[in-house]
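Worksheet: the structure to be examined is printed underneath.
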Amino acid sequence: MSTPPNALDYNGRSRVFKIFSALVLAVFAIIWIVPMAFAVDTSLKPEAEIAANPTNWWSDHFSLAAYRKVIDGTPILTWYLNSFIIAALTVILTVAVTSMIGFALAQTRFAGRGGVFAFVLAGLLIPGQILALPLYQIIQSMHLLNTYWAMVLPAAAAPIAVFIFESFFSGLPRELIEAARIDGASWFGVYWRVCLPLCRPAISAVSIFTFVGSWNNFLWPLLVLSNVKQMTIPVGMSAVTGGFGILYAQLMATAVLGALPLFVVFLLFQRHIVQGVARTGIK
Amino acid sequence: MATTIIDDGVSAARVTSAGNRSGPRDEHRAGWLLSLPFLVLYLLFLVGPAVYGIVMSFFNATTVRPGLGKAVGLDNYRSILTSSDFWSSMGHTVWFTTLTTPPLVILALFFALLAERLHRAKALVRFIFFAPFVLPVTSVTLIFLWLYAPEVGLVPHWFEAVGLPPPNLLGETKWAFISVAALTVWWTVGFNFVLFLAGLQEVPRDVYEAAAIDGANPVRTLTGIVLPLLRPTVVLVTMLQILASMQIFNQMYLMTAGGPGTSTRPVMEFIYDTGFSDYRAGYAAAATMVYFALVLVVSLVWFLLRRQSNKEVGA
């Protein structure tokens, strides 16, 4: 018997089932592609043609005119920049502070470690945006409204990232740390030069999540960034699209432009992102 | 497998620290110094809001200026608990959760079970289902507002194509819930799908082999072996989904703005409206706390189940 190409193909019935699976998934995959494909399609058609034949997929005059109008007529390039700066700062701060405490919890035995561990663990119970109102009051009293920091600082208080790092650092052998200490490295040196470089998968998982989370956040920037010039992509888009009325090509061009950067990131890092979801979602 | 190693590491470290070896003084200092930056942010921006929210709910606070205003005791709670607007918005959130959780769990599981059979096409299928998840909510809602647009949208067009009168997809309460739920399923099913695929990876290959040798057909293998082994993943994905759906705000706000009227307004939008549009922060904080208590119960169940299943895997 030759080796089956897939571990799940053991007999004829399995193979029939495999073909059935492929067909069903193909149907659903098409359904899943339609909204995105139709958005791109609409964005490339002239407005007049959409008005005359809204559900038609084909056009004789495909063009990028709607994209030009959106880029010229809205501050979308500024929003890209804002979103990017905020997301990048958030990633840097989050990785820095959560990896440090993750290392401390996993590899140093300081008095009170158990208490800190439980205290941070309890934070997992506080879900995302429910506390937006009291958080807003705190940010307001710190005079941070309409600044990047209003976006960056709260996002870095992420207990889940602490535990991703904690579990990675716990996997490192104690001898490694002791050897580095005997060689005269400081604790910070052990963390920074010995352990952190070994934690690339954790760094990339936390970075990607933090970046995507920051980029796509909607409610919080809606509350704290009221100045059009300071808005991020999702909020800025929602602020201007009302003015487009039924100019569907421009609406769809805006939607596509808003989705584009993360879509490209996803194309490039698909494997990391999917593995990161699998690893951190379940544990 | 990885979990076993990690869990052993943690428990080993705990045993040594419990064994009264708190380490030299600079290890103690380094531990605290490395923990400090996170703890400061955590106290200010996560624990702080939770505590401040509780305090605010007993005061006549407003959103126009910082500070608490006059203490009002339990008045905010009294009026929130008797507010029919609040309870109907809680009802809308629960209804949305009920509408989205079963399809998001069952479809994701179904897709994962089928995709697990595929060899090379698996990566492509994963890409297609997961891709919508990385789109910003505003892009998703713009696309679906276009698909749902009365008269001109693709979805009303499909209704006509099969000979049904197209419903008012966003203008009628019953349909508005279904339309936003459908959008949510399209947008986020890929996340659960990936979690299930990961869960399926943990099912040992030789289990399938043994079943095939015993002549079990695919359906029998599925119901008798795979699903029971996958149960912890199913439970966790369901809990995560309930938690996510209960926080519904963005899609609903952008698609219907809670309308028609306030008939689809979720509780998060009720808080937004009373706290930020009417500036009644104390009142909205009381609403937040009641809602938070409900979510906390669900989180706690999730948390305990998660610990439980980690222990099982670790053992």
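Ordered as shown in the structure tokens, chains take letters A, B, and onward, while each chain numbers its residues from 1 and ligands are numbered from 1 in the order shown.
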Next item on the list: Using only C-alpha atoms, determine which residues lie at most 12 Å from B:Ala149, disregarding the query and same-chain residues fewer than 3 positions distant; provide the list as number ranges by chain.
Entry: A: 54-55, 245-246, 248; B: 141-146, 152-157, 166-171, 179, 255
Okay, now the selection with N, CA and C atoms, as a tab-separated table (two decimals), in the first residue's frame?
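File written: result.tsv
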chain	number	residue	atom	x	y	z
A	54	PRO	N	-27.05	48.91	-11.15
A	54	PRO	CA	-26.30	48.74	-9.90
A	54	PRO	C	-25.74	47.34	-9.67
A	55	THR	N	-26.45	46.30	-10.10
A	55	THR	CA	-26.00	44.96	-9.74
A	55	THR	C	-25.20	44.29	-10.86
A	245	GLY	N	-23.10	60.38	0.10
A	245	GLY	CA	-24.46	60.03	-0.30
A	245	GLY	C	-24.50	58.69	-1.01
A	246	ILE	N	-24.93	58.73	-2.28
A	246	ILE	CA	-25.04	57.47	-3.02
A	246	ILE	C	-23.96	57.37	-4.10
A	248	TYR	N	-21.60	55.49	-4.98
A	248	TYR	CA	-21.14	54.19	-4.50
A	248	TYR	C	-19.71	53.86	-4.90
B	141	THR	N	-18.70	47.70	7.13
B	141	THR	CA	-20.06	48.24	7.13
B	141	THR	C	-20.35	49.02	5.85
B	142	LEU	N	-19.35	49.70	5.29
B	142	LEU	CA	-19.58	50.39	4.01
B	142	LEU	C	-19.96	49.37	2.93
B	143	ILE	N	-19.22	48.27	2.90
B	143	ILE	CA	-19.49	47.24	1.88
B	143	ILE	C	-20.90	46.67	2.06
B	144	PHE	N	-21.27	46.37	3.31
B	144	PHE	CA	-22.59	45.76	3.52
B	144	PHE	C	-23.74	46.76	3.38
B	145	LEU	N	-23.48	48.04	3.67
B	145	LEU	CA	-24.52	49.04	3.40
B	145	LEU	C	-24.83	49.07	1.91
B	146	TRP	N	-23.82	48.87	1.12
B	146	TRP	CA	-23.99	48.83	-0.34
B	146	TRP	C	-24.70	47.55	-0.77
B	152	VAL	N	-31.25	48.91	-4.99
B	152	VAL	CA	-30.06	48.80	-5.84
B	152	VAL	C	-29.05	47.76	-5.38
B	153	GLY	N	-29.12	47.32	-4.11
B	153	GLY	CA	-28.10	46.44	-3.57
B	153	GLY	C	-28.16	45.02	-4.13
B	154	LEU	N	-27.05	44.31	-3.94
B	154	LEU	CA	-26.95	42.95	-4.47
B	154	LEU	C	-27.90	41.99	-3.75
B	155	VAL	N	-28.05	42.15	-2.43
B	155	VAL	CA	-28.86	41.22	-1.65
B	155	VAL	C	-30.36	41.34	-1.99
B	156	PRO	N	-30.94	42.56	-2.03
B	156	PRO	CA	-32.33	42.67	-2.50
B	156	PRO	C	-32.51	42.10	-3.91
B	157	HIS	N	-31.49	42.29	-4.74
B	157	HIS	CA	-31.50	41.78	-6.10
B	157	HIS	C	-31.61	40.24	-6.10
B	166	PRO	N	-38.17	41.57	-1.74
B	166	PRO	CA	-37.04	41.93	-0.90
B	166	PRO	C	-37.48	42.68	0.35
B	167	PRO	N	-37.05	42.21	1.55
B	167	PRO	CA	-37.43	42.91	2.78
B	167	PRO	C	-36.61	44.20	2.93
B	168	ASN	N	-37.06	45.06	3.81
B	168	ASN	CA	-36.30	46.26	4.12
B	168	ASN	C	-35.19	45.87	5.10
B	169	LEU	N	-34.01	45.55	4.56
B	169	LEU	CA	-33.00	44.84	5.33
B	169	LEU	C	-32.50	45.58	6.57
B	170	LEU	N	-32.46	46.91	6.51
B	170	LEU	CA	-31.97	47.63	7.69
B	170	LEU	C	-33.06	48.50	8.31
B	171	GLY	N	-34.16	48.70	7.58
B	171	GLY	CA	-35.19	49.61	8.05
B	171	GLY	C	-36.24	48.94	8.91
B	179	SER	N	-29.64	41.18	9.46
B	179	SER	CA	-28.66	41.73	8.53
B	179	SER	C	-27.32	41.99	9.21
B	255	MET	N	-24.21	50.51	11.12
B	255	MET	CA	-25.21	50.02	10.16
B	255	MET	C	-26.58	50.64	10.40
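With only C-alpha atoms taken into account, chain B has B:Ile6, B:Gly9, B:Ser22, B:His28, B:Gly31, B:Leu34, B:Ser35, B:Pro37, B:Phe38, B:Leu41, B:Tyr42, B:Phe45, B:Pro49, B:Gly53, B:Pro66, B:Leu114, B:Arg117, B:Leu135, B:Pro136, B:Thr138, B:Ser139, B:Val152, B:Leu154, B:Leu195, B:Ala198, B:Ser299 at most 6 Å from chain A.
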Once you have the residues from the selection above, write them out as an mmCIF file, in the first residue's frame, restricted to N, CA, C and O atoms.
data_model
loop_
_atom_site.group_PDB
_atom_site.id
_atom_site.type_symbol
_atom_site.label_atom_id
_atom_site.label_comp_id
_atom_site.auth_asym_id
_atom_site.auth_seq_id
_atom_site.Cartn_x
_atom_site.Cartn_y
_atom_site.Cartn_z
ATOM 1 N N ILE B 6 5.349 24.063 29.197
ATOM 2 C CA ILE B 6 5.163 25.381 29.785
ATOM 3 C C ILE B 6 4.573 25.263 31.192
ATOM 4 O O ILE B 6 5.094 25.831 32.142
ATOM 5 N N GLY B 9 7.054 24.177 33.668
ATOM 6 C CA GLY B 9 7.971 25.258 33.999
ATOM 7 C C GLY B 9 7.393 26.140 35.098
ATOM 8 O O GLY B 9 8.065 26.448 36.080
ATOM 9 N N SER B 22 13.800 33.018 48.246
ATOM 10 C CA SER B 22 13.341 34.222 47.553
ATOM 11 C C SER B 22 14.470 34.876 46.759
ATOM 12 O O SER B 22 14.271 35.905 46.148
ATOM 13 N N HIS B 28 15.308 40.244 43.628
ATOM 14 C CA HIS B 28 14.065 40.814 44.122
ATOM 15 C C HIS B 28 13.825 42.197 43.502
ATOM 16 O O HIS B 28 12.750 42.480 42.972
ATOM 17 N N GLY B 31 13.146 41.987 39.689
ATOM 18 C CA GLY B 31 11.781 41.510 39.428
ATOM 19 C C GLY B 31 10.783 42.647 39.503
ATOM 20 O O GLY B 31 9.952 42.830 38.614
ATOM 21 N N LEU B 34 11.354 45.397 36.699
ATOM 22 C CA LEU B 34 10.875 44.962 35.375
ATOM 23 C C LEU B 34 9.354 44.908 35.326
ATOM 24 O O LEU B 34 8.743 45.057 34.262
ATOM 25 N N SER B 35 8.735 44.671 36.475
ATOM 26 C CA SER B 35 7.269 44.591 36.500
ATOM 27 C C SER B 35 6.616 45.967 36.530
ATOM 28 O O SER B 35 5.476 46.136 36.097
ATOM 29 N N PRO B 37 6.799 49.098 35.057
ATOM 30 C CA PRO B 37 6.162 49.889 33.977
ATOM 31 C C PRO B 37 4.791 49.348 33.600
ATOM 32 O O PRO B 37 3.838 50.110 33.456
ATOM 33 N N PHE B 38 4.689 48.023 33.462
ATOM 34 C CA PHE B 38 3.383 47.465 33.114
ATOM 35 C C PHE B 38 2.383 47.718 34.235
ATOM 36 O O PHE B 38 1.246 48.123 33.969
ATOM 37 N N LEU B 41 0.830 51.181 34.122
ATOM 38 C CA LEU B 41 -0.175 51.329 33.064
ATOM 39 C C LEU B 41 -1.439 50.532 33.387
ATOM 40 O O LEU B 41 -2.564 50.988 33.165
ATOM 41 N N TYR B 42 -1.223 49.348 33.932
ATOM 42 C CA TYR B 42 -2.331 48.461 34.272
ATOM 43 C C TYR B 42 -3.231 49.082 35.341
ATOM 44 O O TYR B 42 -4.457 49.074 35.229
ATOM 45 N N PHE B 45 -4.950 52.375 33.692
ATOM 46 C CA PHE B 45 -5.860 52.292 32.544
ATOM 47 C C PHE B 45 -6.747 51.049 32.498
ATOM 48 O O PHE B 45 -7.554 50.907 31.593
ATOM 49 N N PRO B 49 -9.988 52.414 35.716
ATOM 50 C CA PRO B 49 -11.341 52.631 35.193
ATOM 51 C C PRO B 49 -12.393 51.745 35.860
ATOM 52 O O PRO B 49 -13.519 52.199 36.086
ATOM 53 N N GLY B 53 -15.162 53.630 37.722
ATOM 54 C CA GLY B 53 -16.523 53.410 37.229
ATOM 55 C C GLY B 53 -17.480 53.121 38.382
ATOM 56 O O GLY B 53 -18.598 53.647 38.421
ATOM 57 N N PRO B 66 -14.175 66.983 34.118
ATOM 58 C CA PRO B 66 -13.739 65.902 34.998
ATOM 59 C C PRO B 66 -14.241 66.155 36.412
ATOM 60 O O PRO B 66 -14.737 67.237 36.714
ATOM 61 N N LEU B 114 -14.381 20.167 7.506
ATOM 62 C CA LEU B 114 -14.235 19.902 6.078
ATOM 63 C C LEU B 114 -12.829 20.253 5.600
ATOM 64 O O LEU B 114 -12.199 19.495 4.860
ATOM 65 N N ARG B 117 -9.836 17.915 5.910
ATOM 66 C CA ARG B 117 -9.688 16.826 4.929
ATOM 67 C C ARG B 117 -8.812 17.244 3.751
ATOM 68 O O ARG B 117 -8.319 16.393 3.030
ATOM 69 N N LEU B 135 -10.229 43.232 8.129
ATOM 70 C CA LEU B 135 -10.750 44.497 7.602
ATOM 71 C C LEU B 135 -11.247 45.376 8.753
ATOM 72 O O LEU B 135 -11.844 44.877 9.692
ATOM 73 N N PRO B 136 -11.016 46.697 8.664
ATOM 74 C CA PRO B 136 -11.573 47.580 9.690
ATOM 75 C C PRO B 136 -13.100 47.581 9.611
ATOM 76 O O PRO B 136 -13.664 47.408 8.531
ATOM 77 N N THR B 138 -15.240 49.820 9.631
ATOM 78 C CA THR B 138 -15.875 50.799 8.744
ATOM 79 C C THR B 138 -15.893 50.308 7.296
ATOM 80 O O THR B 138 -16.863 50.535 6.577
ATOM 81 N N SER B 139 -14.831 49.631 6.864
ATOM 82 C CA SER B 139 -14.837 49.066 5.518
ATOM 83 C C SER B 139 -15.937 48.014 5.392
ATOM 84 O O SER B 139 -16.677 47.984 4.413
ATOM 85 N N VAL B 152 -31.247 48.914 -4.994
ATOM 86 C CA VAL B 152 -30.064 48.802 -5.842
ATOM 87 C C VAL B 152 -29.051 47.760 -5.379
ATOM 88 O O VAL B 152 -28.189 47.345 -6.156
ATOM 89 N N LEU B 154 -27.051 44.308 -3.944
ATOM 90 C CA LEU B 154 -26.954 42.954 -4.474
ATOM 91 C C LEU B 154 -27.904 41.992 -3.746
ATOM 92 O O LEU B 154 -28.520 41.121 -4.363
ATOM 93 N N LEU B 195 -9.307 28.785 15.173
ATOM 94 C CA LEU B 195 -9.204 28.136 16.493
ATOM 95 C C LEU B 195 -9.580 26.656 16.388
ATOM 96 O O LEU B 195 -8.924 25.797 16.973
ATOM 97 N N ALA B 198 -6.854 24.650 14.730
ATOM 98 C CA ALA B 198 -5.770 24.386 15.673
ATOM 99 C C ALA B 198 -6.162 23.258 16.627
ATOM 100 O O ALA B 198 -5.350 22.386 16.941
ATOM 101 N N SER B 299 -17.350 35.960 31.744
ATOM 102 C CA SER B 299 -15.887 35.887 31.746
ATOM 103 C C SER B 299 -15.392 34.878 32.773
ATOM 104 O O SER B 299 -14.456 34.129 32.524
#
Within 12 Å of stretch 231-236 of chain B: each stretch 82-138 of chain B residue with its shortest pair, only C-alpha atoms, as CSV:
residue,atom,partner,partner_atom,distance
B:Thr101,CA,B:Val234,CA,11.8
B:Pro102,CA,B:Val234,CA,11.3
B:Leu104,CA,B:Val234,CA,11.3
B:Val105,CA,B:Val234,CA,7.6
B:Ile106,CA,B:Val234,CA,9.1
B:Leu107,CA,B:Val234,CA,11.8
B:Ala108,CA,B:Val234,CA,10.1
B:Leu109,CA,B:Val234,CA,8.0
B:Phe110,CA,B:Val234,CA,11.5
B:Ala112,CA,B:Val234,CA,11.7
Expected file: the selected residues, N, CA and C atoms, as a PDB file, in the first residue's frame:
ATOM      1  N   THR B 101     -24.056  33.759  18.002  1.00  0.00           N
ATOM      2  CA  THR B 101     -23.191  32.715  18.560  1.00  0.00           C
ATOM      3  C   THR B 101     -23.371  31.348  17.888  1.00  0.00           C
ATOM      4  N   PRO B 102     -24.617  30.833  17.757  1.00  0.00           N
ATOM      5  CA  PRO B 102     -24.724  29.502  17.126  1.00  0.00           C
ATOM      6  C   PRO B 102     -24.135  29.431  15.720  1.00  0.00           C
ATOM      7  N   LEU B 104     -21.851  31.298  14.334  1.00  0.00           N
ATOM      8  CA  LEU B 104     -20.402  31.538  14.348  1.00  0.00           C
ATOM      9  C   LEU B 104     -19.631  30.343  14.904  1.00  0.00           C
ATOM     10  N   VAL B 105     -20.256  29.581  15.804  1.00  0.00           N
ATOM     11  CA  VAL B 105     -19.577  28.397  16.331  1.00  0.00           C
ATOM     12  C   VAL B 105     -19.787  27.218  15.379  1.00  0.00           C
ATOM     13  N   ILE B 106     -21.033  26.990  14.960  1.00  0.00           N
ATOM     14  CA  ILE B 106     -21.332  25.798  14.167  1.00  0.00           C
ATOM     15  C   ILE B 106     -20.713  25.883  12.771  1.00  0.00           C
ATOM     16  N   LEU B 107     -20.885  27.035  12.103  1.00  0.00           N
ATOM     17  CA  LEU B 107     -20.289  27.183  10.764  1.00  0.00           C
ATOM     18  C   LEU B 107     -18.774  27.046  10.815  1.00  0.00           C
ATOM     19  N   ALA B 108     -18.155  27.674  11.828  1.00  0.00           N
ATOM     20  CA  ALA B 108     -16.697  27.614  11.935  1.00  0.00           C
ATOM     21  C   ALA B 108     -16.242  26.167  12.136  1.00  0.00           C
ATOM     22  N   LEU B 109     -16.957  25.451  12.985  1.00  0.00           N
ATOM     23  CA  LEU B 109     -16.611  24.044  13.238  1.00  0.00           C
ATOM     24  C   LEU B 109     -16.798  23.216  11.970  1.00  0.00           C
ATOM     25  N   PHE B 110     -17.923  23.453  11.292  1.00  0.00           N
ATOM     26  CA  PHE B 110     -18.226  22.756  10.045  1.00  0.00           C
ATOM     27  C   PHE B 110     -17.125  23.011   9.007  1.00  0.00           C
ATOM     28  N   ALA B 112     -14.084  23.927   9.540  1.00  0.00           N
ATOM     29  CA  ALA B 112     -12.806  23.360   9.983  1.00  0.00           C
ATOM     30  C   ALA B 112     -12.777  21.859   9.753  1.00  0.00           C
TER      31      ALA B 112
END
Checklist line | Pairwise distance for atom CA of B:Val290 and atom CA of A:Pro221, rounded to one decimal in Å | finding: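 Interatomic distance, atom CA of B:Val290 to atom CA of A:Pro221: 24.2 Å.
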Margin query: Given only C-alpha atoms as the basis, pick out the residue of A:His61, A:Lys45, A:Arg193, A:Arg200 nearest to A:His272.
Written below: A:Arg200
Item checked: Coordinates-based distance that separates atom CA of B:Thr288 from atom CA of B:Ala71 (Å, one decimal) -> 17.7 Å
Item checked: Residues flagged alpha helix (DSSP H) by DSSP in stretch 54-235 of chain B, as a PyMOL selection string -> chain B and resi 54-56+75-81+84-115+121-130+137-148+154-161+173-201+205-213+218-221+227-235
Next item on the list: Between atom CA of A:Ile85 and atom CA of A:Tyr148, measure the distance and give it in Å to one decimal.
Entry: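 Atom-to-atom, atom CA of A:Ile85 to atom CA of A:Tyr148, that is 8.2 Å.
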Next item on the list: May I have the residues within 9 Å of B:Val64 as an MDAnalysis selection string, using only C-alpha atoms and disregarding those fewer than 3 positions away in the same chain?
Entry: chainID B and resid 276 279 281
Take the residues from that selection and put them in a file with C-alpha atoms, as an mmCIF file, in the first residue's frame.
data_model
loop_
_atom_site.group_PDB
_atom_site.id
_atom_site.type_symbol
_atom_site.label_atom_id
_atom_site.label_comp_id
_atom_site.auth_asym_id
_atom_site.auth_seq_id
_atom_site.Cartn_x
_atom_site.Cartn_y
_atom_site.Cartn_z
ATOM 1 C CA PHE B 276 -21.439 61.008 25.826
ATOM 2 C CA TYR B 279 -23.405 63.887 29.406
ATOM 3 C CA ALA B 281 -21.795 60.105 33.201
#
Note to self: I want to know what sits within 10 Å of B:Leu124, based on only C-alpha atoms, with residues of the same chain fewer than 5 positions away left out; could you give that as a list in words?
What the structure shows: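 So, after excluding close chain neighbours, the residues are Ala29 of chain A; Ala115, Phe129 and Phe130 of chain B.
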For those residues, write all heavy atoms to a file as a short mmCIF file (atom, residue, chain, number, x, y, z; two decimals), in the first residue's frame.
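Contents of the output file out_36.cif:
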data_model
loop_
_atom_site.label_atom_id
_atom_site.label_comp_id
_atom_site.auth_asym_id
_atom_site.auth_seq_id
_atom_site.Cartn_x
_atom_site.Cartn_y
_atom_site.Cartn_z
N ALA A 29 -16.66 29.35 0.04
CA ALA A 29 -15.56 30.27 -0.25
C ALA A 29 -16.02 31.33 -1.24
O ALA A 29 -15.71 32.52 -1.09
CB ALA A 29 -14.35 29.51 -0.77
N ALA B 115 -12.32 21.40 6.06
CA ALA B 115 -11.01 21.86 5.57
C ALA B 115 -9.89 20.93 6.03
O ALA B 115 -8.88 20.77 5.34
CB ALA B 115 -10.74 23.28 6.06
N PHE B 129 -11.45 32.58 4.37
CA PHE B 129 -12.34 32.78 5.51
C PHE B 129 -11.78 33.75 6.54
O PHE B 129 -12.52 34.44 7.22
CB PHE B 129 -12.67 31.44 6.20
CG PHE B 129 -13.59 30.57 5.38
CD1 PHE B 129 -13.34 29.23 5.23
CD2 PHE B 129 -14.71 31.11 4.76
CE1 PHE B 129 -14.18 28.43 4.47
CE2 PHE B 129 -15.56 30.32 4.00
CZ PHE B 129 -15.29 28.97 3.85
N PHE B 130 -10.46 33.80 6.64
CA PHE B 130 -9.88 34.66 7.68
C PHE B 130 -9.71 36.10 7.20
O PHE B 130 -9.73 37.01 8.02
CB PHE B 130 -8.55 34.08 8.17
CG PHE B 130 -8.06 34.70 9.45
CD1 PHE B 130 -8.58 34.29 10.68
CD2 PHE B 130 -7.11 35.70 9.45
CE1 PHE B 130 -8.16 34.85 11.86
CE2 PHE B 130 -6.67 36.28 10.65
CZ PHE B 130 -7.20 35.85 11.85
#
Check: Residues at most 10 Å from A:Leu176, counting only C-alpha atoms, excluding those fewer than 3 positions away in the same chain, as a PyMOL selection string?
Finding: chain A and resi 172-173+179-181+190+194-195
Export, as a compact mmCIF listing (two decimals), in the first residue's frame, the selected residues with C-alpha atoms.
# COMPACT_ATOMS: atom_id res chain seq x y z
CA LEU A 172 13.57 28.81 28.69
CA PRO A 173 15.90 26.62 30.76
CA ALA A 179 25.03 30.81 33.28
CA ALA A 180 24.48 34.37 32.05
CA ARG A 181 24.31 35.62 35.65
CA VAL A 190 19.73 38.65 30.91
CA VAL A 194 19.79 36.56 26.40
CA CYS A 195 16.06 35.88 26.74
